[in-house]
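Chemist: Dropping in work37.cif, with mmCIF, C-alpha atoms.
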data_data
loop_
_atom_site.label_atom_id
_atom_site.label_comp_id
_atom_site.auth_asym_id
_atom_site.auth_seq_id
_atom_site.Cartn_x
_atom_site.Cartn_y
_atom_site.Cartn_z
CA MET A 472 10.17 4.17 4.78
CA PRO A 473 7.26 6.12 6.32
CA LEU A 474 5.52 2.97 7.58
CA ALA A 475 8.12 2.85 10.34
CA GLU A 476 6.27 5.94 11.59
CA PRO A 477 2.53 6.16 12.40
CA PRO A 478 0.67 6.01 9.07
CA LEU A 479 -1.04 9.28 8.17
CA GLU A 480 -4.81 9.61 7.75
CA LEU A 481 -5.44 11.61 4.57
CA LEU A 482 -8.34 14.04 4.83
CA PRO A 483 -10.19 15.86 2.03
CA GLU A 484 -9.95 19.21 3.80
CA PRO A 485 -7.08 21.02 1.99
CA GLU A 486 -6.09 23.00 5.10
CA ALA A 487 -5.87 19.96 7.40
CA PRO A 488 -2.48 19.84 9.21
CA VAL A 489 -1.89 16.29 7.92
CA TRP A 490 -0.93 17.68 4.51
CA GLU A 491 2.00 19.59 5.99
CA ARG A 492 3.24 16.38 7.65
CA LEU A 493 2.76 14.50 4.39
CA THR A 494 4.78 16.97 2.34
CA ALA A 495 7.50 17.05 5.01
CA ARG A 496 7.85 13.27 4.74
CA TRP A 497 7.83 13.53 0.97
CA ARG A 498 10.67 16.05 0.93
CA ARG A 499 12.64 13.94 3.41
CA ASP A 500 12.01 10.40 2.09
CA GLY A 501 10.55 10.65 -1.41
CA VAL A 502 8.01 8.02 -0.32
CA VAL A 503 4.70 8.45 1.53
CA VAL A 504 1.96 6.05 2.59
CA GLY A 505 -1.40 7.17 3.91
CA HIS A 506 -4.82 5.73 4.70
CA ALA A 507 -8.24 7.29 4.22
CA GLU A 508 -11.86 6.63 5.09
CA GLU A 509 -14.09 5.89 2.12
CA ALA A 510 -16.88 7.85 3.82
CA ARG A 511 -14.79 11.03 3.59
CA TRP A 512 -13.70 10.68 -0.05
CA GLY A 513 -16.51 8.77 -1.76
CA ALA A 514 -17.11 5.11 -2.47
CA GLY A 515 -15.07 2.88 -4.75
CA ARG A 516 -13.48 4.31 -7.87
CA THR A 517 -14.84 7.82 -7.28
CA GLY A 518 -13.29 8.03 -3.84
CA SER A 519 -9.98 6.46 -4.79
CA ARG A 520 -9.50 8.82 -7.74
CA ALA A 521 -10.33 11.84 -5.59
CA LEU A 522 -7.80 10.65 -3.02
CA VAL A 523 -5.08 10.12 -5.63
CA ALA A 524 -5.71 13.48 -7.31
CA ALA A 525 -5.58 15.38 -4.02
CA THR A 526 -2.49 13.59 -2.74
CA VAL A 527 -0.40 13.57 -5.92
CA GLY A 528 -1.44 17.14 -6.64
CA ARG A 529 -0.28 18.25 -3.20
CA LEU A 530 3.05 16.41 -3.48
CA LEU A 531 3.81 17.73 -6.98
CA GLU A 532 2.31 21.18 -6.38
CA LEU A 533 -0.34 20.75 -9.06
CA PRO A 534 -4.07 21.48 -8.91
CA ALA A 535 -5.90 18.23 -8.08
CA GLU A 536 -8.05 18.60 -11.20
CA ARG A 537 -4.94 18.19 -13.37
CA VAL A 538 -4.16 14.73 -11.97
CA ALA A 539 -5.72 11.79 -13.81
CA LEU A 540 -5.18 8.03 -13.61
CA GLU A 541 -4.40 5.63 -16.44
CA ARG A 542 -3.34 1.96 -16.44
CA ASP A 543 -0.41 0.16 -18.02
CA HIS A 544 -0.52 -3.17 -19.88
CA ARG A 545 -0.68 -5.02 -16.54
CA ARG A 546 -3.58 -2.86 -15.35
CA ARG A 547 -1.34 -1.08 -12.87
CA PRO A 548 -2.42 2.55 -12.29
CA TYR A 549 -0.15 5.51 -12.94
CA PRO A 550 -0.80 9.27 -12.78
CA VAL A 551 -0.81 11.62 -15.76
CA ASP A 552 -1.10 15.37 -16.19
CA ARG A 553 -4.58 15.88 -17.60
CA GLN A 554 -3.43 19.15 -19.23
CA SER A 555 -0.33 17.89 -21.07
CA GLY A 556 -1.19 14.20 -21.27
CA GLU A 557 2.29 13.34 -19.94
CA ARG A 558 3.00 10.80 -17.24
CA LEU A 559 3.76 12.39 -13.88
CA PRO A 560 7.18 11.55 -12.31
CA VAL A 561 5.89 9.39 -9.44
CA ASP A 562 4.80 5.81 -8.97
CA LEU A 563 1.71 4.95 -6.93
CA ASN A 564 -0.29 2.01 -5.69
CA LEU A 565 -3.69 1.62 -4.05
CA SER A 566 -5.34 -0.94 -1.79
CA HIS A 567 -8.90 -1.08 -0.47
CA THR A 568 -10.62 -3.20 2.18
CA ASP A 569 -13.88 -2.66 4.07
CA ASP A 570 -14.27 1.15 3.71
CA LEU A 571 -10.56 1.88 4.05
CA PHE A 572 -8.21 3.10 1.31
CA LEU A 573 -4.43 2.80 1.43
CA LEU A 574 -2.29 4.87 -0.95
CA GLY A 575 1.46 4.78 -1.51
CA VAL A 576 3.33 7.32 -3.65
CA SER A 577 7.04 7.20 -4.51
CA ARG A 578 9.64 9.08 -6.50
CA LYS A 579 12.36 6.60 -5.44
CA GLY A 580 11.14 3.53 -7.34
CA ARG A 581 8.18 1.20 -7.80
CA ILE A 582 5.87 0.97 -4.79
CA GLY A 583 3.25 -1.54 -3.74
CA VAL A 584 0.86 -1.34 -0.78
CA ASP A 585 -1.73 -3.64 0.78
CA VAL A 586 -4.13 -3.48 3.73
CA GLU A 587 -6.11 -6.29 5.38
CA ARG A 588 -7.96 -6.88 8.63
CA ALA A 589 -5.49 -8.29 11.12
CA ASP A 590 -7.98 -11.03 12.10
CA ARG A 591 -8.67 -12.19 8.53
CA ASP A 592 -8.04 -15.94 8.31
CA ILE A 593 -6.06 -15.95 5.07
CA ALA A 594 -4.59 -19.45 5.32
CA PRO A 595 -7.02 -21.67 7.29
CA GLY A 596 -5.57 -24.92 5.91
CA PRO A 597 -2.19 -26.41 4.99
CA ARG A 598 -2.65 -25.99 1.23
CA MET A 599 -3.22 -22.24 1.43
CA LEU A 600 -0.48 -21.93 4.05
CA ALA A 601 1.97 -23.52 1.62
CA ARG A 602 0.89 -21.06 -1.10
CA VAL A 603 1.31 -18.01 1.13
CA CYS A 604 4.32 -18.75 3.33
CA HIS A 605 7.97 -19.58 2.77
CA PRO A 606 9.02 -22.84 4.52
CA GLY A 607 11.04 -20.82 7.04
CA GLU A 608 7.98 -18.72 7.85
CA ARG A 609 5.83 -21.82 8.32
CA ASP A 610 8.33 -23.12 10.87
CA ALA A 611 8.13 -19.85 12.82
CA LEU A 612 4.31 -20.02 12.87
CA ALA A 613 4.08 -23.58 14.14
CA ASP A 614 4.14 -22.83 17.89
CA LEU A 615 1.78 -19.84 17.88
CA SER A 616 -1.76 -19.87 19.23
CA ARG A 617 -4.52 -19.88 16.62
CA ARG A 618 -5.26 -16.17 17.07
CA ALA A 619 -1.60 -15.15 17.02
CA ARG A 620 -1.01 -17.36 13.97
CA THR A 621 -3.95 -15.80 12.08
CA GLU A 622 -2.68 -12.28 12.76
CA ALA A 623 0.91 -13.21 11.91
CA ILE A 624 -0.14 -14.70 8.56
CA ALA A 625 -2.20 -11.59 7.76
CA ARG A 626 0.91 -9.49 8.43
CA LEU A 627 3.00 -11.67 6.12
CA TRP A 628 0.27 -11.48 3.48
CA VAL A 629 0.14 -7.67 3.26
CA CYS A 630 3.91 -7.51 2.95
CA LYS A 631 4.02 -10.14 0.19
CA GLU A 632 1.05 -8.61 -1.64
CA ALA A 633 2.84 -5.26 -1.58
CA VAL A 634 5.88 -6.94 -3.17
CA ALA A 635 3.70 -8.57 -5.82
CA LYS A 636 2.08 -5.22 -6.68
CA ALA A 637 5.37 -3.34 -6.88
CA ASP A 638 6.88 -6.17 -8.92
CA GLY A 639 3.99 -5.89 -11.36
CA ARG A 640 3.12 -9.59 -11.53
CA GLY A 641 0.44 -9.51 -8.85
CA LEU A 642 -0.93 -12.96 -8.09
CA LEU A 643 1.31 -14.47 -10.77
CA LEU A 644 4.18 -14.08 -8.30
CA ASP A 645 4.77 -17.20 -6.17
CA LEU A 646 4.34 -15.73 -2.68
CA SER A 647 5.96 -18.77 -1.05
CA THR A 648 9.29 -17.68 -2.56
CA VAL A 649 9.17 -14.27 -0.82
CA ARG A 650 10.17 -13.85 2.81
CA ALA A 651 8.71 -10.82 4.53
CA ASP A 652 11.65 -10.67 6.96
CA VAL A 653 14.29 -11.01 4.22
CA PRO A 654 13.65 -8.41 1.49
CA PRO A 655 14.71 -9.36 -2.04
CA PRO A 656 17.88 -7.54 -3.20
CA GLY A 657 17.10 -3.89 -3.95
CA TRP A 658 13.83 -3.90 -1.98
CA ARG A 659 12.65 -2.22 1.21
CA LEU A 660 9.68 -3.74 3.07
CA ALA A 661 7.66 -2.47 6.02
CA THR A 662 4.48 -3.32 7.92
CA SER A 663 2.48 -1.35 10.45
CA ARG A 664 -0.57 -1.98 12.64
CA LEU A 665 -3.47 0.43 12.15
CA PRO A 666 -6.02 0.59 15.02
CA SER A 667 -9.69 0.76 14.05
CA SER A 668 -13.09 1.12 15.69
CA ARG A 669 -14.47 -1.47 13.23
CA THR A 670 -12.46 -4.40 14.53
CA ALA A 671 -10.60 -4.94 17.78
CA ALA A 672 -7.69 -6.47 15.89
CA GLY A 673 -7.31 -3.45 13.60
CA TYR A 674 -5.57 -3.69 10.23
CA TRP A 675 -2.16 -4.64 8.92
CA ILE A 676 -0.64 -2.26 6.41
CA GLY A 677 2.20 -3.42 4.16
CA ALA A 678 4.45 -1.47 1.80
CA ALA A 679 7.20 -2.54 -0.58
CA LEU A 680 9.60 -0.27 -2.46
CA ARG A 681 11.73 -1.52 -5.33
CA GLU A 682 14.42 1.12 -5.25
CA GLY A 683 16.06 2.50 -8.35
CA THR A 684 13.38 1.36 -10.78
CA THR A 685 12.00 3.89 -13.25
CA VAL A 686 8.90 5.74 -12.14
#
Now, as a test, write the supplied structure out as structure tokens.
Modeler:
Amino acid sequence: MPLAEPPLELLPEPEAPVWERLTARWRRDGVVVGHAEEARWGAGRTGSRALVAATVGRLLELPAERVALERDHRRRPYPVDRQSGERLPVDLNLSHTDDLFLLGVSRKGRIGVDVERADRDIAPGPRMLARVCHPGERDALADLSRRARTEAIARLWVCKEAVAKADGRGLLLDLSTVRADVPPPGWRLATSRLPSSRTAAGYWIGAALREGTTV
């Protein structure tokens, strides 16, 4: 999965060299994950839709203006051809934190992605820790310093959130039943650290691919 490599920063300039690297990964793996600055693409929904249209259009060799987004019965986004109205043959998922977008696109199966600050204290107390972590993971966290524990939990969180998004159940999925280091059968999981000038800790990026599912 591309997250084993340095994540790509997606730029709005169509001639930027990053697009050649992105399409090379796409041809090789059938899965790509990239991050983007909100300031370059536009805020919120406007920026995320521009990012999706440019990226999916480039991967499928379509003009960006033909790529639109719709949502399924679980509010999960999927791309359609604005001209024909037909669903495009890829799955995608988006995440957004601070002014950072994360986008995953796959033709190999259902994909989920998540991004969080590495220093975000996701489970400050035992109740939340029990909700987020598998018992085996809690044992592994017990001897860490507070800072290392916070960053380790944030890493687990993005991986589990990516699984929940690819699965389709979102927060209805019991995250304590998922182990980030032991992928469920038929799944591939990956995390990567993204440096940032906003925070010394940077960000954790997580991706989950449920291989063989219909896209």
Chemist: Can you list what the PyMOL selection byres ((chain A and resi 592-606) around 10) grabs from this structure, as an MDAnalysis selection string?
Modeler: chainID A and resid 587:591 607:612 617:618 620:622 624:625 627:628 631:632 645:651
Chemist: Work out how far apart atom CA of Gly677 of chain A and atom CA of Arg537 of chain A are and give it in Å to one decimal.
Modeler: 28.7 Å
Chemist: Tell me which residues the PyMOL selection byres ((chain A and resi 561) around 7) grabs here, as a list of chain:residue names.
Modeler: A:Leu559, A:Pro560, A:Asp562, A:Leu563, A:Val576, A:Ser577, A:Arg578, A:Val686
Chemist: Have a look at A:Asn564, A:Thr670, A:Ser519, A:Ser663 and name the one nearest to Val502 of chain A; count all atoms listed in the file.
Modeler: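 Closest candidate: A:Asn564.
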Chemist: Find the spatial neighbours of Val586 of chain A, counting all atoms listed in the file, within a cut-off of 7 Å - ignore same-chain residues fewer than 5 positions away - and output them as a count of residues only.
Modeler: 9
Chemist: List the spatial neighbours of segment 523-530 of chain A as a VMD selection string - criterion: any atom at most 8 Å away, only C-alpha atoms, same-chain residues fewer than 4 positions off excluded.
Modeler: chain A and resid 483 490 494 497 519 534 to 539 574 576
Chemist: Using atom CA of Asp638 of chain A and atom CA of Arg626 of chain A as the two end points, give the distance in Å to one decimal.
Modeler: 18.6 Å
